[in-house]
$ cat data_23.tsv   # TSV, C-alpha atoms
chain	number	residue	atom	x	y	z
A	1	MET	CA	0.81	23.77	11.72
A	2	ARG	CA	1.13	24.23	8.00
A	3	VAL	CA	2.05	20.92	6.37
A	4	VAL	CA	2.79	20.36	2.67
A	5	PHE	CA	2.15	16.78	1.52
A	6	PHE	CA	3.93	15.55	-1.62
A	7	GLY	CA	2.59	12.25	-2.91
A	8	ASN	CA	4.55	10.25	-5.46
A	9	GLU	CA	1.37	9.10	-7.20
A	10	CYS	CA	-2.27	10.09	-7.65
A	11	GLU	CA	-5.02	9.01	-5.23
A	12	GLN	CA	-5.62	5.78	-7.12
A	13	ILE	CA	-2.58	4.36	-5.34
A	14	ALA	CA	-3.46	3.06	-1.87
A	15	ALA	CA	-0.38	4.45	-0.15
A	16	ILE	CA	-1.37	7.97	-1.20
A	17	ARG	CA	-4.94	7.60	0.03
A	18	TYR	CA	-4.13	5.93	3.31
A	19	ARG	CA	-0.68	7.28	4.21
A	20	ALA	CA	-1.01	10.88	2.99
A	21	VAL	CA	-4.51	12.03	2.09
A	22	LYS	CA	-6.28	10.50	5.08
A	23	PHE	CA	-3.84	11.90	7.64
A	24	ALA	CA	-3.94	15.30	5.92
A	25	ARG	CA	-7.72	15.35	6.23
A	26	MET	CA	-7.51	14.36	9.90
A	27	LEU	CA	-5.05	17.19	10.55
A	28	GLU	CA	-7.36	19.64	8.77
A	29	LYS	CA	-10.25	18.64	11.03
A	30	GLU	CA	-8.15	19.81	13.96
A	31	GLY	CA	-7.48	23.16	12.32
A	32	HIS	CA	-4.10	22.56	10.73
A	33	ALA	CA	-3.45	23.85	7.19
A	34	CYS	CA	-2.56	21.06	4.75
A	35	THR	CA	-1.55	21.44	1.09
A	36	LEU	CA	-1.72	18.25	-0.96
A	37	CYS	CA	0.65	18.13	-3.95
A	38	LEU	CA	0.10	15.14	-6.24
A	39	PRO	CA	1.71	14.55	-9.65
A	40	SER	CA	-1.57	14.42	-11.58
A	41	SER	CA	-5.24	13.60	-11.48
A	42	ILE	CA	-6.39	10.00	-11.81
A	43	GLY	CA	-7.99	10.68	-15.18
A	44	PHE	CA	-4.90	12.33	-16.65
A	45	ARG	CA	-2.72	9.44	-15.52
A	46	GLU	CA	-5.14	6.88	-16.96
A	47	ARG	CA	-5.20	8.65	-20.33
A	48	TYR	CA	-1.51	9.38	-20.78
A	49	PHE	CA	0.42	6.82	-18.71
A	50	VAL	CA	-1.45	3.61	-17.90
A	51	ASN	CA	-1.10	1.21	-20.86
A	52	ALA	CA	-0.15	4.19	-23.03
A	53	SER	CA	2.40	4.41	-25.83
A	54	LYS	CA	5.92	5.55	-25.07
A	55	PRO	CA	5.39	9.05	-26.58
A	56	ARG	CA	2.25	9.56	-24.47
A	57	LYS	CA	4.13	8.44	-21.37
A	58	LEU	CA	6.94	10.88	-22.11
A	59	PHE	CA	4.35	13.65	-22.48
A	60	TYR	CA	2.85	12.67	-19.13
A	61	LEU	CA	6.26	12.71	-17.43
A	62	ALA	CA	7.03	16.15	-18.85
A	63	CYS	CA	3.71	17.48	-17.52
A	64	VAL	CA	4.39	15.98	-14.10
A	65	LEU	CA	7.82	17.62	-13.98
A	66	LEU	CA	6.37	21.03	-14.78
A	67	ARG	CA	3.62	20.52	-12.19
A	68	ARG	CA	6.21	19.55	-9.57
A	69	ILE	CA	8.26	22.67	-10.24
A	70	ALA	CA	5.14	24.79	-9.80
A	71	GLN	CA	4.31	23.01	-6.52
A	72	LEU	CA	7.65	24.02	-5.00
A	73	ARG	CA	6.12	27.43	-4.23
A	74	HIS	CA	4.39	25.85	-1.21
A	75	VAL	CA	7.66	24.73	0.42
A	76	PRO	CA	9.34	27.83	1.94
A	77	GLY	CA	6.66	28.80	4.47
A	78	ALA	CA	5.69	25.31	5.61
A	79	ASP	CA	6.20	24.03	9.14
A	80	VAL	CA	6.68	20.50	7.74
A	81	VAL	CA	7.24	19.13	4.25
A	82	TYR	CA	6.19	15.50	3.89
A	83	PHE	CA	7.38	13.27	1.04
A	84	ARG	CA	5.27	10.14	0.42
A	85	GLY	CA	7.90	8.56	-1.79
A	86	PRO	CA	9.99	10.31	-4.49
A	87	LEU	CA	8.80	13.59	-5.96
A	88	TYR	CA	9.59	12.41	-9.47
A	89	TYR	CA	9.56	8.94	-10.96
A	90	TYR	CA	13.00	8.79	-12.54
A	91	GLY	CA	16.51	10.14	-12.21
A	92	PRO	CA	18.36	11.61	-9.22
A	93	PRO	CA	16.31	13.39	-6.54
A	94	PHE	CA	17.16	16.94	-7.65
A	95	LEU	CA	13.73	18.22	-6.64
A	96	GLU	CA	14.13	16.75	-3.16
A	97	TYR	CA	17.56	18.37	-2.81
A	98	LEU	CA	16.02	21.70	-3.75
A	99	VAL	CA	13.20	21.26	-1.23
A	100	CYS	CA	15.64	20.38	1.54
A	101	ALA	CA	17.65	23.51	0.74
A	102	MET	CA	14.48	25.61	0.89
A	103	ASN	CA	13.09	23.98	4.03
A	104	PRO	CA	15.00	21.52	6.27
A	105	ARG	CA	11.88	20.31	8.08
A	106	VAL	CA	11.39	17.33	5.79
A	107	VAL	CA	9.73	14.01	6.68
A	108	PHE	CA	9.94	11.18	4.17
A	109	ASP	CA	7.64	8.17	4.18
A	110	ILE	CA	7.99	4.72	2.60
A	111	ASP	CA	5.87	1.58	2.82
A	112	ASP	CA	7.92	-0.65	0.53
A	113	ALA	CA	11.55	-1.66	0.02
A	114	ILE	CA	11.96	0.75	-2.89
A	115	TRP	CA	15.74	0.35	-2.87
A	116	GLU	CA	15.06	-3.03	-4.50
A	117	ALA	CA	13.88	-3.46	-8.08
A	118	PRO	CA	10.10	-4.00	-8.32
A	119	ALA	CA	9.01	-7.60	-8.81
A	120	HIS	CA	7.39	-8.84	-12.04
A	121	VAL	CA	7.91	-5.48	-13.80
A	122	ASP	CA	9.22	-5.42	-17.36
A	123	SER	CA	9.40	-1.77	-18.36
A	124	PHE	CA	11.82	0.35	-20.35
A	125	PHE	CA	11.53	3.06	-17.70
A	126	VAL	CA	12.67	0.94	-14.71
A	127	ARG	CA	16.32	1.48	-15.66
A	128	PHE	CA	15.91	5.19	-14.89
A	129	MET	CA	14.59	4.71	-11.35
A	130	ASP	CA	16.85	5.84	-8.51
A	131	PHE	CA	17.17	2.87	-6.17
A	132	GLY	CA	19.36	4.95	-3.88
A	133	TRP	CA	16.56	7.40	-3.05
A	134	VAL	CA	15.98	6.15	0.50
A	135	ARG	CA	19.70	6.24	1.33
A	136	LYS	CA	19.98	9.81	0.03
A	137	MET	CA	16.88	11.03	1.86
A	138	ALA	CA	18.07	9.43	5.11
A	139	GLN	CA	21.03	11.83	5.02
A	140	ARG	CA	18.95	14.97	4.39
A	141	SER	CA	15.65	14.59	6.24
A	142	ALA	CA	14.59	15.52	9.75
A	143	HIS	CA	12.48	12.38	10.31
A	144	ALA	CA	11.40	9.20	8.55
A	145	VAL	CA	8.03	7.42	8.71
A	146	VAL	CA	7.99	3.78	7.63
A	147	GLY	CA	5.43	1.01	7.38
A	148	ASN	CA	7.24	-1.73	9.29
A	149	GLN	CA	10.34	-2.80	11.20
A	150	HIS	CA	12.17	-4.11	8.12
A	151	LEU	CA	12.05	-0.66	6.53
A	152	LYS	CA	13.13	1.01	9.77
A	153	ASN	CA	16.15	-1.28	10.08
A	154	TYR	CA	17.30	-0.38	6.57
A	155	ILE	CA	17.01	3.37	7.17
A	156	LEU	CA	18.92	3.16	10.43
A	157	GLN	CA	21.70	1.38	8.57
A	158	GLN	CA	21.92	4.43	6.32
A	159	ASN	CA	21.74	6.98	9.15
A	160	PRO	CA	21.67	5.70	12.76
A	161	ALA	CA	20.97	9.22	14.07
A	162	LEU	CA	17.78	9.78	12.07
A	163	PRO	CA	14.51	9.57	14.05
A	164	VAL	CA	12.36	6.83	12.48
A	165	THR	CA	8.73	6.11	13.39
A	166	ILE	CA	6.77	3.02	12.35
A	167	ILE	CA	3.25	3.72	11.12
A	168	PRO	CA	1.69	0.83	9.17
A	169	THR	CA	-0.42	1.56	6.12
A	170	CYS	CA	-3.57	2.04	8.15
A	171	ILE	CA	-7.11	1.09	7.25
A	172	ASP	CA	-9.91	3.65	7.07
A	173	MET	CA	-12.60	2.02	9.13
A	174	GLU	CA	-15.14	4.65	8.10
A	175	ILE	CA	-15.34	3.03	4.66
A	176	HIS	CA	-14.19	-0.53	5.45
A	177	THR	CA	-17.51	-1.61	6.93
A	178	PRO	CA	-18.26	-5.31	7.57
A	179	LYS	CA	-19.54	-7.34	4.66
A	180	THR	CA	-23.05	-8.78	4.78
A	181	ALA	CA	-23.17	-12.54	5.20
A	182	LYS	CA	-24.11	-14.38	2.01
A	183	PRO	CA	-26.37	-17.43	1.83
A	184	GLY	CA	-24.42	-20.67	2.15
A	185	THR	CA	-24.98	-21.72	-1.48
A	186	GLY	CA	-23.05	-21.09	-4.66
A	187	ALA	CA	-19.35	-20.85	-5.37
A	188	VAL	CA	-16.98	-19.75	-2.62
A	189	CYS	CA	-15.18	-16.62	-3.80
A	190	LEU	CA	-11.42	-16.22	-3.37
A	191	GLY	CA	-10.42	-12.57	-3.78
A	192	TRP	CA	-7.24	-10.90	-4.99
A	193	THR	CA	-6.82	-7.15	-5.56
A	194	GLY	CA	-3.77	-5.04	-6.23
A	195	LEU	CA	-1.39	-3.65	-8.84
A	196	LYS	CA	-1.33	-5.69	-12.03
A	197	ASP	CA	2.44	-6.29	-11.80
A	198	ASN	CA	1.93	-8.12	-8.52
A	199	LEU	CA	-0.18	-10.79	-10.21
A	200	GLY	CA	3.15	-12.58	-10.64
A	201	TYR	CA	2.92	-13.59	-6.99
A	202	MET	CA	-0.06	-15.78	-7.89
A	203	LYS	CA	1.94	-17.93	-10.32
A	204	PRO	CA	3.40	-20.47	-7.83
A	205	ILE	CA	-0.02	-21.39	-6.41
A	206	GLU	CA	-1.97	-21.54	-9.66
A	207	PRO	CA	-1.92	-25.39	-9.55
A	208	VAL	CA	-3.45	-25.16	-6.07
A	209	PHE	CA	-6.43	-23.24	-7.44
A	210	GLN	CA	-6.81	-25.74	-10.26
A	211	ARG	CA	-6.84	-28.72	-7.89
A	212	LEU	CA	-9.32	-27.02	-5.55
A	213	ALA	CA	-11.60	-26.16	-8.48
A	214	GLN	CA	-11.81	-29.84	-9.35
A	215	LYS	CA	-13.07	-30.67	-5.85
A	216	HIS	CA	-15.13	-27.64	-4.78
A	217	PRO	CA	-17.35	-24.94	-6.32
A	218	ILE	CA	-15.01	-21.93	-6.20
A	219	LYS	CA	-14.32	-18.81	-8.20
A	220	ILE	CA	-11.53	-16.25	-8.05
A	221	SER	CA	-12.34	-12.54	-8.16
A	222	VAL	CA	-9.42	-10.46	-9.44
A	223	ALA	CA	-9.51	-6.65	-9.34
A	224	THR	CA	-6.53	-5.04	-11.05
A	225	GLY	CA	-5.44	-3.33	-14.25
A	226	LYS	CA	-5.50	-6.28	-16.65
A	227	PRO	CA	-7.39	-9.57	-17.06
A	228	TRP	CA	-6.07	-12.72	-15.39
A	229	HIS	CA	-7.10	-16.19	-16.50
A	230	LEU	CA	-6.41	-19.70	-15.25
A	231	LYS	CA	-7.43	-22.83	-17.11
A	232	GLY	CA	-10.01	-24.91	-15.27
A	233	VAL	CA	-10.89	-22.16	-12.77
A	234	GLN	CA	-13.81	-19.73	-12.88
A	235	VAL	CA	-12.34	-16.22	-12.79
A	236	GLU	CA	-14.21	-12.93	-12.52
A	237	ASN	CA	-12.04	-10.03	-13.69
A	238	HIS	CA	-12.71	-6.46	-12.60
A	239	TYR	CA	-10.82	-3.46	-13.96
A	240	TRP	CA	-9.92	-1.80	-10.66
A	241	GLU	CA	-11.61	1.54	-10.05
A	242	LEU	CA	-11.40	3.60	-6.89
A	243	LYS	CA	-15.18	3.96	-6.55
A	244	ASP	CA	-15.54	0.16	-6.30
A	245	GLU	CA	-12.60	-0.52	-3.99
A	246	ILE	CA	-14.67	-1.76	-1.05
A	247	THR	CA	-17.06	-3.72	-3.30
A	248	TYR	CA	-14.16	-5.83	-4.59
A	249	LEU	CA	-13.12	-6.65	-1.03
A	250	LYS	CA	-16.61	-7.60	0.14
A	251	GLU	CA	-17.22	-9.85	-2.84
A	252	ALA	CA	-14.65	-12.28	-1.47
A	253	ASP	CA	-15.25	-15.02	1.09
A	254	ILE	CA	-11.49	-15.57	1.44
A	255	GLY	CA	-8.73	-13.03	0.78
A	256	LEU	CA	-5.48	-13.97	-0.95
A	257	MET	CA	-2.01	-12.47	-0.43
A	258	PRO	CA	0.67	-14.80	-1.78
A	259	LEU	CA	4.28	-13.55	-1.83
A	260	GLN	CA	7.74	-14.90	-2.53
A	261	ASP	CA	10.42	-14.41	0.10
A	262	THR	CA	12.46	-11.75	-1.68
A	263	PRO	CA	14.16	-8.56	-0.42
A	264	ARG	CA	11.43	-6.45	-2.04
A	265	ALA	CA	8.56	-8.52	-0.59
A	266	ARG	CA	10.01	-8.36	2.94
A	267	GLY	CA	9.35	-4.63	2.93
A	268	LYS	CA	5.63	-4.91	2.17
A	269	CYS	CA	3.10	-3.77	4.76
A	270	ALA	CA	0.48	-6.53	4.55
A	271	PHE	CA	-1.99	-3.97	3.22
A	272	LYS	CA	-3.92	-6.32	0.94
A	273	ALA	CA	-4.49	-8.71	3.85
A	274	LEU	CA	-5.47	-5.88	6.20
A	275	GLN	CA	-8.09	-4.60	3.77
A	276	TYR	CA	-9.76	-7.99	3.53
A	277	MET	CA	-9.57	-8.39	7.29
A	278	ALA	CA	-11.14	-4.98	7.85
A	279	VAL	CA	-14.36	-5.97	6.05
A	280	GLY	CA	-14.53	-9.30	7.87
A	281	VAL	CA	-12.96	-11.54	5.21
A	282	PRO	CA	-10.37	-14.04	6.55
A	283	PRO	CA	-7.15	-14.05	4.49
A	284	VAL	CA	-4.67	-16.74	3.60
A	285	ILE	CA	-1.24	-15.15	3.20
A	286	THR	CA	2.44	-15.97	2.90
A	287	PRO	CA	4.34	-15.23	6.17
A	288	VAL	CA	6.90	-12.90	4.57
A	289	GLY	CA	7.86	-9.68	6.34
A	290	MET	CA	5.02	-7.91	8.11
A	291	ASN	CA	2.51	-10.55	6.97
A	292	ALA	CA	3.74	-12.81	9.75
A	293	GLU	CA	3.02	-10.11	12.35
A	294	VAL	CA	-0.56	-9.45	11.25
A	295	ILE	CA	-1.93	-12.98	11.28
A	296	GLU	CA	-2.28	-15.29	14.27
A	297	ASP	CA	-2.46	-18.54	12.33
A	298	GLY	CA	-5.85	-20.18	12.70
A	299	VAL	CA	-7.37	-17.28	14.64
A	300	ASN	CA	-7.78	-14.28	12.32
A	301	GLY	CA	-6.50	-15.91	9.13
A	302	PHE	CA	-4.09	-18.54	7.90
A	303	LEU	CA	-0.38	-18.47	7.08
A	304	ALA	CA	0.77	-20.68	4.21
A	305	THR	CA	4.29	-21.17	2.90
A	306	SER	CA	4.26	-24.20	0.60
A	307	PRO	CA	1.70	-25.09	-2.10
A	308	GLU	CA	0.60	-27.96	0.16
A	309	GLU	CA	-0.14	-25.56	3.00
A	310	TRP	CA	-1.98	-23.21	0.67
A	311	GLU	CA	-4.17	-26.03	-0.54
A	312	ALA	CA	-4.91	-27.44	2.91
A	313	LYS	CA	-5.76	-24.09	4.51
A	314	LEU	CA	-7.80	-22.78	1.62
A	315	GLU	CA	-9.74	-26.04	1.62
A	316	ARG	CA	-10.53	-25.69	5.33
A	317	LEU	CA	-12.03	-22.27	4.73
A	318	ILE	CA	-13.80	-23.27	1.53
A	319	THR	CA	-15.59	-26.17	3.23
A	320	ASP	CA	-16.40	-24.48	6.56
A	321	PRO	CA	-18.52	-21.28	6.36
A	322	GLU	CA	-18.70	-21.06	10.17
A	323	LEU	CA	-14.90	-21.01	10.36
A	324	ARG	CA	-14.83	-18.23	7.75
A	325	ALA	CA	-17.32	-16.19	9.76
A	326	ARG	CA	-15.49	-16.70	13.04
A	327	MET	CA	-12.06	-15.90	11.62
A	328	GLY	CA	-13.44	-12.96	9.63
A	329	ALA	CA	-14.86	-11.39	12.79
A	330	ALA	CA	-11.55	-11.86	14.59
A	331	ALA	CA	-9.70	-10.39	11.62
A	332	ARG	CA	-11.82	-7.23	11.67
A	333	GLU	CA	-11.27	-6.78	15.40
A	334	THR	CA	-7.52	-7.09	14.83
A	335	VAL	CA	-7.57	-4.22	12.33
A	336	ILE	CA	-9.71	-2.00	14.55
A	337	ALA	CA	-7.40	-2.52	17.52
A	338	ARG	CA	-4.00	-2.43	15.81
A	339	TYR	CA	-4.07	-1.03	12.27
A	340	SER	CA	-6.71	1.70	12.00
A	341	HIS	CA	-6.13	5.42	11.41
A	342	ASP	CA	-7.69	6.20	14.77
A	343	VAL	CA	-4.95	4.18	16.47
A	344	PHE	CA	-2.04	5.79	14.61
A	345	TYR	CA	-3.23	9.34	13.97
A	346	PRO	CA	-1.85	10.57	17.33
A	347	VAL	CA	1.49	9.03	16.41
A	348	PHE	CA	1.49	10.70	12.99
A	349	ARG	CA	0.50	14.06	14.43
A	350	GLY	CA	3.25	13.72	17.02
A	351	VAL	CA	5.84	13.27	14.28
A	352	MET	CA	4.59	16.38	12.47
A	353	GLU	CA	4.60	18.40	15.69
A	354	SER	CA	8.12	17.31	16.62
A	355	VAL	CA	9.47	18.36	13.21
A	356	ALA	CA	7.49	21.62	13.22
A	357	ALA	CA	9.03	22.41	16.61
A	358	MET	CA	12.42	22.67	14.89
A	359	ARG	CA	11.21	25.93	13.36
A	360	ARG	CA	10.38	27.41	16.74
A	361	ARG	CA	13.70	26.30	18.24
A	362	ASN	CA	15.61	27.86	15.35
A	363	ALA	CA	13.59	31.07	15.30

$ encode --input "data_23.tsv" --output "structure tokens"
Amino acid sequence: MRVVFFGNECEQIAAIRYRAVKFARMLEKEGHACTLCLPSSIGFRERYFVNASKPRKLFYLACVLLRRIAQLRHVPGADVVYFRGPLYYYGPPFLEYLVCAMNPRVVFDIDDAIWEAPAHVDSFFVRFMDFGWVRKMAQRSAHAVVGNQHLKNYILQQNPALPVTIIPTCIDMEIHTPKTAKPGTGAVCLGWTGLKDNLGYMKPIEPVFQRLAQKHPIKISVATGKPWHLKGVQVENHYWELKDEITYLKEADIGLMPLQDTPRARGKCAFKALQYMAVGVPPVITPVGMNAEVIEDGVNGFLATSPEEWEAKLERLITDPELRARMGAAARETVIARYSHDVFYPVFRGVMESVAAMRRRNA
């Protein structure tokens, strides 16, 4: 097969690395030809878009548009064209319409409820996002790949006849190796990593951290794009870099994934929790959407809804290193058995093969 992969972001974004790049590399190992089309390099995005002025961002967007137009040359001869999210950040999906006209063998992939406005984002550019992209692609694509059942249900509401396959945002177990046990002294580290906008999910449980810090030696390790501080709590801030991704995870003794029960959050794929689990770190997470499917409460992590539950379950893990070790081991086994690339690669390849077969049937 010849497969063209369009990613909506650069490799710094987890969904690109784990939902597009990794599967492309696995296909290549079997002899398939894969062309990866990303909007920019990580360095170019960092310089001209992340925390940049509005003129620099507009320059970046213009460069991305020109790059996208140039990448369309790969579309006509492909057996499958795969969209990992929108081809362009803003406006109607004109590029996608053009691709579908050039090649009907299109698969689109989402791992978030992108028909809903993003949480905790205050940006001038949000008003130009097309929140109808999924609905429009459901009418024009040959197949959809989604991260969980919530996303599948939405797509089938838009087009009941469209084939939809669930593939969670898988974990690369080649790099998510188990963390080394630390001596039982010093502060217990609670870890949070993710996009800086999602730090807003931490707000409701900040008093929990403050109360726990008064009773126990703890610290919070935060790896994202901006500093986070909380009065009365020791915080270690890391500016997130791809090369240190696994280091951030292994620094933690307990992983954190708080959410609010919103339409956008229900579409999330529990990826933050799965990453901590994969390196043997037990998470405490809010049972919203797929989060509730991943964790067996008290076995491979804890589920917590109210601030009281968050405090009680974090305290159990903070005060019991043997419980952390036992739950961390169970968490890693869960990921290996149910959420690794090795488990879902045959499913992904099957989707690509089924869409590529359309070309042979129509020849």

$ closest_residue --input "data_23.tsv" --among "A:Ala70, A:Ile285, A:Phe44, A:Thr193" --to "A:Asp244" --atoms "only C-alpha atoms"
A:Thr193

$ residues_around --input "data_23.tsv" --residues "stretch 218-225 of chain A" --least-positions-apart "6" --cutoff "9 Å" --atoms "all atoms listed in the file" --output "number ranges by chain"
A: 50, 186-197, 199, 209, 212, 233-241, 245, 248, 251-252, 318

$ residues_near_point --input "data_23.tsv" --point "(10.4, 12.5, 4.7)" --cutoff "7 Å" --atoms "all atoms listed in the file" --output "mmCIF file with C-alpha atoms, keeping the file's coordinate frame"
data_model
loop_
_atom_site.group_PDB
_atom_site.id
_atom_site.type_symbol
_atom_site.label_atom_id
_atom_site.label_comp_id
_atom_site.auth_asym_id
_atom_site.auth_seq_id
_atom_site.Cartn_x
_atom_site.Cartn_y
_atom_site.Cartn_z
ATOM 1 C CA TYR A 82 6.190 15.500 3.890
ATOM 2 C CA PHE A 83 7.380 13.270 1.040
ATOM 3 C CA VAL A 106 11.390 17.330 5.790
ATOM 4 C CA VAL A 107 9.730 14.010 6.680
ATOM 5 C CA PHE A 108 9.940 11.180 4.170
ATOM 6 C CA ASP A 109 7.640 8.170 4.180
ATOM 7 C CA SER A 141 15.650 14.590 6.240
ATOM 8 C CA HIS A 143 12.480 12.380 10.310
ATOM 9 C CA ALA A 144 11.400 9.200 8.550
ATOM 10 C CA VAL A 145 8.030 7.420 8.710
#

$ atom_distance --input "data_23.tsv" --atom1 "atom CA of A:Pro93" --atom2 "atom CA of A:Ala270"
27.8 Å

$ residues_around --input "data_23.tsv" --residues "stretch 56-66 of chain A" --least-positions-apart "2" --cutoff "10 Å" --atoms "only C-alpha atoms" --output "number ranges by chain"
A: 38-40, 44-45, 47-54, 68-71, 87-90, 95, 125

$ build_atoms --input "data_23.tsv" --residues "stretch 81-94 of chain A" --atoms "N, CA and C atoms" --output "short mmCIF file (atom, residue, chain, number, x, y, z; two decimals), in the coordinates of the input"
data_model
loop_
_atom_site.label_atom_id
_atom_site.label_comp_id
_atom_site.auth_asym_id
_atom_site.auth_seq_id
_atom_site.Cartn_x
_atom_site.Cartn_y
_atom_site.Cartn_z
N VAL A 81 7.41 19.60 5.62
CA VAL A 81 7.24 19.13 4.25
C VAL A 81 7.34 17.61 4.29
N TYR A 82 6.31 16.96 3.80
CA TYR A 82 6.19 15.50 3.89
C TYR A 82 6.30 14.91 2.49
N PHE A 83 7.24 14.00 2.30
CA PHE A 83 7.38 13.27 1.04
C PHE A 83 6.80 11.87 1.20
N ARG A 84 5.75 11.54 0.48
CA ARG A 84 5.27 10.14 0.42
C ARG A 84 5.90 9.53 -0.83
N GLY A 85 7.16 9.09 -0.67
CA GLY A 85 7.90 8.56 -1.79
C GLY A 85 8.55 9.67 -2.60
N PRO A 86 9.26 9.33 -3.68
CA PRO A 86 9.99 10.31 -4.49
C PRO A 86 9.07 11.34 -5.14
N LEU A 87 9.58 12.55 -5.32
CA LEU A 87 8.80 13.59 -5.96
C LEU A 87 8.66 13.36 -7.46
N TYR A 88 9.64 12.68 -8.04
CA TYR A 88 9.59 12.41 -9.47
C TYR A 88 9.96 10.95 -9.69
N TYR A 89 9.45 10.39 -10.76
CA TYR A 89 9.56 8.94 -10.96
C TYR A 89 10.98 8.48 -11.25
N TYR A 90 11.74 9.28 -12.00
CA TYR A 90 13.00 8.79 -12.54
C TYR A 90 14.11 9.81 -12.33
N GLY A 91 15.34 9.28 -12.32
CA GLY A 91 16.51 10.14 -12.21
C GLY A 91 16.84 10.50 -10.78
N PRO A 92 17.94 11.21 -10.58
CA PRO A 92 18.36 11.61 -9.22
C PRO A 92 17.33 12.53 -8.57
N PRO A 93 17.33 12.59 -7.25
CA PRO A 93 16.31 13.39 -6.54
C PRO A 93 16.66 14.87 -6.47
N PHE A 94 16.81 15.53 -7.63
CA PHE A 94 17.16 16.94 -7.65
C PHE A 94 16.07 17.80 -7.01
#
